[in-house]
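What's in run00.cif: mmCIF, C-alpha atoms
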```cif
data_final
loop_
_atom_site.label_atom_id
_atom_site.label_comp_id
_atom_site.auth_asym_id
_atom_site.auth_seq_id
_atom_site.Cartn_x
_atom_site.Cartn_y
_atom_site.Cartn_z
CA MET A 22 57.89 -51.29 57.59
CA ARG A 23 57.42 -48.94 60.52
CA ASP A 24 58.20 -51.22 63.49
CA PHE A 25 61.46 -53.15 63.59
CA ALA A 26 64.84 -53.50 65.30
CA ALA A 27 68.01 -52.93 63.29
CA ILE A 28 70.89 -55.05 64.52
CA ASP A 29 74.60 -55.33 63.81
CA PHE A 30 77.24 -57.68 65.19
CA GLU A 31 81.02 -57.50 65.03
CA THR A 32 83.01 -60.70 65.44
CA ALA A 33 86.41 -61.37 66.98
CA ASN A 34 87.46 -64.02 64.47
CA GLY A 35 86.16 -66.17 61.63
CA SER A 36 83.70 -68.03 63.85
CA ARG A 37 80.21 -66.57 63.65
CA SER A 38 79.72 -67.32 67.35
CA SER A 39 82.59 -64.98 68.27
CA VAL A 40 80.40 -61.89 68.56
CA CYS A 41 82.37 -59.21 70.37
CA SER A 42 79.94 -56.30 70.08
CA VAL A 43 76.33 -55.68 69.20
CA GLY A 44 74.30 -52.63 68.32
CA VAL A 45 70.51 -52.50 68.24
CA VAL A 46 68.21 -49.66 67.18
CA VAL A 47 64.48 -50.00 67.89
CA VAL A 48 62.08 -48.23 65.53
CA ARG A 49 58.37 -47.85 66.27
CA ASP A 50 55.95 -45.98 64.00
CA GLY A 51 58.92 -44.97 61.86
CA VAL A 52 60.75 -43.26 64.75
CA VAL A 53 63.86 -44.41 66.59
CA VAL A 54 62.70 -44.98 70.17
CA ASP A 55 65.59 -46.91 71.72
CA SER A 56 69.13 -48.03 71.09
CA PHE A 57 71.51 -50.41 72.79
CA TYR A 58 75.23 -51.15 72.50
CA SER A 59 77.41 -53.61 74.33
CA LEU A 60 80.77 -55.23 74.10
CA ILE A 61 80.61 -59.01 74.44
CA HIS A 62 83.20 -61.48 75.69
CA PRO A 63 83.62 -63.56 72.51
CA ARG A 64 83.55 -67.32 72.21
CA PRO A 65 85.92 -68.61 70.99
CA ASN A 66 87.92 -65.94 72.73
CA TYR A 67 90.67 -64.85 70.37
CA TYR A 68 90.98 -61.99 67.92
CA ALA A 69 91.96 -62.51 64.31
CA TRP A 70 94.18 -59.79 62.88
CA PHE A 71 91.77 -59.11 60.03
CA CYS A 72 88.80 -58.59 62.36
CA GLN A 73 90.82 -56.24 64.54
CA GLN A 74 91.69 -54.21 61.45
CA VAL A 75 88.01 -53.93 60.54
CA HIS A 76 86.50 -52.84 63.87
CA GLY A 77 89.48 -51.99 66.07
CA LEU A 78 88.44 -54.16 69.00
CA CYS A 79 90.85 -56.45 70.82
CA ASP A 80 91.01 -58.72 73.86
CA ALA A 81 91.70 -55.78 76.19
CA ASP A 82 88.35 -54.28 75.16
CA THR A 83 86.27 -57.37 75.89
CA CYS A 84 88.17 -59.33 78.56
CA ASP A 85 85.80 -58.05 81.27
CA ALA A 86 82.71 -57.76 79.05
CA PRO A 87 79.62 -59.87 79.74
CA ASP A 88 79.08 -63.03 77.74
CA PHE A 89 76.44 -63.34 75.02
CA PRO A 90 73.58 -64.72 77.17
CA GLN A 91 73.91 -61.84 79.65
CA VAL A 92 73.86 -59.26 76.85
CA TRP A 93 71.05 -60.94 74.94
CA ARG A 94 68.78 -60.93 78.00
CA GLN A 95 68.97 -57.12 77.90
CA ILE A 96 68.19 -57.05 74.18
CA ALA A 97 65.44 -59.70 74.02
CA GLU A 98 62.86 -57.60 75.84
CA LYS A 99 63.60 -54.52 73.68
CA ILE A 100 63.03 -56.43 70.43
CA LYS A 101 60.16 -58.65 71.53
CA ASP A 102 57.73 -59.28 68.65
CA LEU A 103 59.73 -57.08 66.25
CA PRO A 104 61.25 -58.22 62.97
CA LEU A 105 65.03 -57.77 62.81
CA VAL A 106 66.71 -55.83 60.04
CA ALA A 107 70.39 -56.05 59.10
CA HIS A 108 72.60 -55.03 56.22
CA ASN A 109 73.69 -58.42 54.88
CA ALA A 110 71.26 -60.23 57.13
CA ARG A 111 72.82 -63.62 56.33
CA PHE A 112 75.88 -62.58 58.33
CA ASP A 113 74.07 -61.11 61.33
CA GLU A 114 71.44 -63.84 61.48
CA GLY A 115 74.26 -66.38 61.18
CA CYS A 116 76.04 -64.74 64.12
CA LEU A 117 72.89 -64.77 66.22
CA ARG A 118 72.13 -68.41 65.43
CA ALA A 119 75.75 -69.43 66.09
CA ALA A 120 75.87 -67.61 69.43
CA TYR A 121 72.59 -69.23 70.48
CA GLN A 122 73.98 -72.64 69.53
CA CYS A 123 77.34 -72.00 71.21
CA TYR A 124 75.62 -71.35 74.53
CA GLY A 125 73.00 -74.10 74.15
CA MET A 126 70.16 -71.60 73.92
CA ILE A 127 66.95 -72.33 72.00
CA TYR A 128 66.74 -70.03 68.99
CA PRO A 129 63.31 -68.34 68.76
CA GLU A 130 63.25 -68.04 64.94
CA TYR A 131 63.55 -64.30 64.62
CA ARG A 132 62.30 -62.85 61.31
CA PHE A 133 65.11 -61.09 59.47
CA TYR A 134 64.89 -58.55 56.65
CA ASP A 135 67.90 -57.50 54.62
CA THR A 136 68.68 -53.91 53.63
CA LEU A 137 71.48 -55.16 51.36
CA ALA A 138 68.95 -57.11 49.27
CA ALA A 139 66.57 -54.14 49.37
CA SER A 140 69.35 -51.87 48.12
CA ARG A 141 70.15 -54.19 45.24
CA ARG A 142 66.46 -54.32 44.27
CA THR A 143 65.97 -50.56 44.61
CA PHE A 144 69.21 -49.11 43.26
CA GLY A 145 70.52 -51.93 41.06
CA ARG A 146 73.60 -50.80 39.15
CA THR A 147 73.11 -47.11 39.84
CA LEU A 148 75.42 -47.42 42.86
CA PRO A 149 79.11 -48.34 42.61
CA ASN A 150 78.52 -50.96 45.35
CA HIS A 151 75.95 -51.81 47.98
CA GLN A 152 78.17 -51.52 51.04
CA LEU A 153 76.54 -50.09 54.14
CA HIS A 154 78.19 -46.67 53.96
CA THR A 155 77.39 -46.30 50.23
CA VAL A 156 73.73 -47.21 50.63
CA ALA A 157 73.38 -45.08 53.76
CA ALA A 158 74.74 -42.05 51.89
CA GLN A 159 72.33 -42.72 49.01
CA CYS A 160 69.50 -42.67 51.56
CA GLY A 161 70.72 -39.36 52.99
CA TYR A 162 72.41 -40.79 56.09
CA ILE A 163 76.11 -40.14 56.70
CA LEU A 164 77.70 -43.09 58.47
CA ASN A 165 80.45 -42.01 60.81
CA ASN A 166 82.42 -44.64 62.73
CA HIS A 167 81.72 -47.47 60.28
CA HIS A 168 82.16 -50.95 61.83
CA HIS A 169 81.10 -49.76 65.27
CA ALA A 170 78.09 -52.01 65.88
CA LEU A 171 75.77 -49.24 67.07
CA ALA A 172 76.76 -46.83 64.30
CA ASP A 173 76.16 -49.56 61.73
CA ALA A 174 72.78 -50.45 63.29
CA GLU A 175 71.80 -46.77 63.15
CA ALA A 176 72.72 -46.60 59.47
CA CYS A 177 70.82 -49.82 58.80
CA ALA A 178 67.75 -48.39 60.53
CA ALA A 179 67.93 -45.25 58.38
CA ILE A 180 68.17 -47.37 55.22
CA ALA A 181 65.30 -49.62 56.34
CA MET A 182 63.04 -46.62 56.96
CA MET A 183 63.68 -45.53 53.36
CA LEU A 184 63.66 -48.87 51.53
CA LEU A 185 61.53 -51.37 53.42
#
```

Please lay out the structure from this file as structure tokens.
Amino acid sequence: MRDFAAIDFETANGSRSSVCSVGVVVVRDGVVVDSFYSLIHPRPNYYAWFCQQVHGLCDADTCDAPDFPQVWRQIAEKIKDLPLVAHNARFDEGCLRAAYQCYGMIYPEYRFYDTLAASRRTFGRTLPNHQLHTVAAQCGYILNNHHHALADAEACAAIAMMLL
């Protein structure tokens, strides 16, 4: 796969619609050509302690951030006609579908590919786990700032260029 958009969401709480940040990396002909990051005002708008511990974001970070539809309008044109790639795509696709539903938007049936599944197929039990940072390192990419949506999307893109 040489043309795709890697995507990663972080959520504010246990609701998949509560996206509070997004990172997107656009790859064309096997080269990163664009990236995008934004904070998002989550819905429902509260932060679970566990989520804050994972990504470090809180209400003060997103209280003035745009809502999902405003952010997605900026992303939609960048990813037009591209398949989406995520590490654990079930989570990220679930977030995208939930956010669309939360705002009454019509979901356009994006095609998702999963680097987690690709890692399990490719590396099997040779890795201690298939977490994003482990797989990225195996593919020669050092993930700094794990759980920052753009950093995670960059790592996912690097994995996808190796495995998909």

Per residue of stretch 65-145 of chain A within 9 Å of stretch 41-56 of chain A, record the nearest atom pair and its distance in Å to one decimal, counting only C-alpha atoms, with rows in chain order and ascending residue number, as a Markdown table.
```
| residue | atom | partner | partner_atom | distance |
| --- | --- | --- | --- | --- |
| A:Leu78 | CA | A:Cys41 | CA | 8.0 |
| A:Cys79 | CA | A:Cys41 | CA | 8.9 |
| A:Thr83 | CA | A:Cys41 | CA | 7.0 |
| A:Ala86 | CA | A:Cys41 | CA | 8.8 |
| A:Asp88 | CA | A:Cys41 | CA | 8.9 |
| A:Phe89 | CA | A:Cys41 | CA | 8.6 |
| A:Val92 | CA | A:Val43 | CA | 8.8 |
| A:Ile96 | CA | A:Val45 | CA | 7.8 |
| A:Lys99 | CA | A:Val47 | CA | 7.4 |
| A:Ile100 | CA | A:Val47 | CA | 7.1 |
| A:Leu103 | CA | A:Val47 | CA | 8.7 |
```

For the file shown, report as a PDB file with C-alpha atoms, in the coordinates of the input the outcome of the PyMOL selection byres ((chain A and resi 108-123) around 7) at residue level.
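As written to disk, selection.pdb reads:
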```pdb
ATOM      1  CA  ASP A  29      74.600 -55.330  63.810  1.00  0.00           C
ATOM      2  CA  PHE A  30      77.240 -57.680  65.190  1.00  0.00           C
ATOM      3  CA  ARG A  37      80.210 -66.570  63.650  1.00  0.00           C
ATOM      4  CA  SER A  38      79.720 -67.320  67.350  1.00  0.00           C
ATOM      5  CA  VAL A  40      80.400 -61.890  68.560  1.00  0.00           C
ATOM      6  CA  VAL A 106      66.710 -55.830  60.040  1.00  0.00           C
ATOM      7  CA  ALA A 107      70.390 -56.050  59.100  1.00  0.00           C
ATOM      8  CA  TYR A 124      75.620 -71.350  74.530  1.00  0.00           C
ATOM      9  CA  GLY A 125      73.000 -74.100  74.150  1.00  0.00           C
ATOM     10  CA  MET A 126      70.160 -71.600  73.920  1.00  0.00           C
ATOM     11  CA  ILE A 127      66.950 -72.330  72.000  1.00  0.00           C
ATOM     12  CA  TYR A 128      66.740 -70.030  68.990  1.00  0.00           C
ATOM     13  CA  PHE A 133      65.110 -61.090  59.470  1.00  0.00           C
ATOM     14  CA  TYR A 134      64.890 -58.550  56.650  1.00  0.00           C
ATOM     15  CA  ASP A 135      67.900 -57.500  54.620  1.00  0.00           C
ATOM     16  CA  THR A 136      68.680 -53.910  53.630  1.00  0.00           C
ATOM     17  CA  LEU A 137      71.480 -55.160  51.360  1.00  0.00           C
ATOM     18  CA  LEU A 153      76.540 -50.090  54.140  1.00  0.00           C
ATOM     19  CA  CYS A 177      70.820 -49.820  58.800  1.00  0.00           C
TER      20      CYS A 177
END
```

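Each of A:Asp85, A:Asp173, A:Glu31, A:Glu98 was compared to A:Gln73 using only C-alpha atoms, and A:Glu31 turns out to be the nearest.
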
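The residues returned by the PyMOL selection byres ((chain A and resi 159-163) around 9) on the shown structure are Leu148, His154, Thr155, Val156, Ala157, Ala158, Leu164, Asn165, Ala176, Ala179, Ile180, Met183 and Leu184 of chain A.
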
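The spacing separating atom CA of A:Asn150 from atom CA of A:Ser39 amounts to 27.2 Å.
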
Given the point (91.4, -60.5, 70.9) in the file's coordinates, find the residues that have an atom at most 12 Å from it, counting only C-alpha atoms, and give them as a tab-separated table (two decimals) with C-alpha atoms, in the frame of the given file.
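Result saved to out-v6.tsv:
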```tsv
chain	number	residue	atom	x	y	z
A	32	THR	CA	83.01	-60.70	65.44
A	33	ALA	CA	86.41	-61.37	66.98
A	34	ASN	CA	87.46	-64.02	64.47
A	39	SER	CA	82.59	-64.98	68.27
A	40	VAL	CA	80.40	-61.89	68.56
A	41	CYS	CA	82.37	-59.21	70.37
A	61	ILE	CA	80.61	-59.01	74.44
A	62	HIS	CA	83.20	-61.48	75.69
A	63	PRO	CA	83.62	-63.56	72.51
A	64	ARG	CA	83.55	-67.32	72.21
A	65	PRO	CA	85.92	-68.61	70.99
A	66	ASN	CA	87.92	-65.94	72.73
A	67	TYR	CA	90.67	-64.85	70.37
A	68	TYR	CA	90.98	-61.99	67.92
A	69	ALA	CA	91.96	-62.51	64.31
A	70	TRP	CA	94.18	-59.79	62.88
A	71	PHE	CA	91.77	-59.11	60.03
A	72	CYS	CA	88.80	-58.59	62.36
A	73	GLN	CA	90.82	-56.24	64.54
A	74	GLN	CA	91.69	-54.21	61.45
A	76	HIS	CA	86.50	-52.84	63.87
A	77	GLY	CA	89.48	-51.99	66.07
A	78	LEU	CA	88.44	-54.16	69.00
A	79	CYS	CA	90.85	-56.45	70.82
A	80	ASP	CA	91.01	-58.72	73.86
A	81	ALA	CA	91.70	-55.78	76.19
A	82	ASP	CA	88.35	-54.28	75.16
A	83	THR	CA	86.27	-57.37	75.89
A	84	CYS	CA	88.17	-59.33	78.56
```

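Going from atom CA of A:Ala139 over to atom CA of A:Ala181, you cover 8.4 Å.
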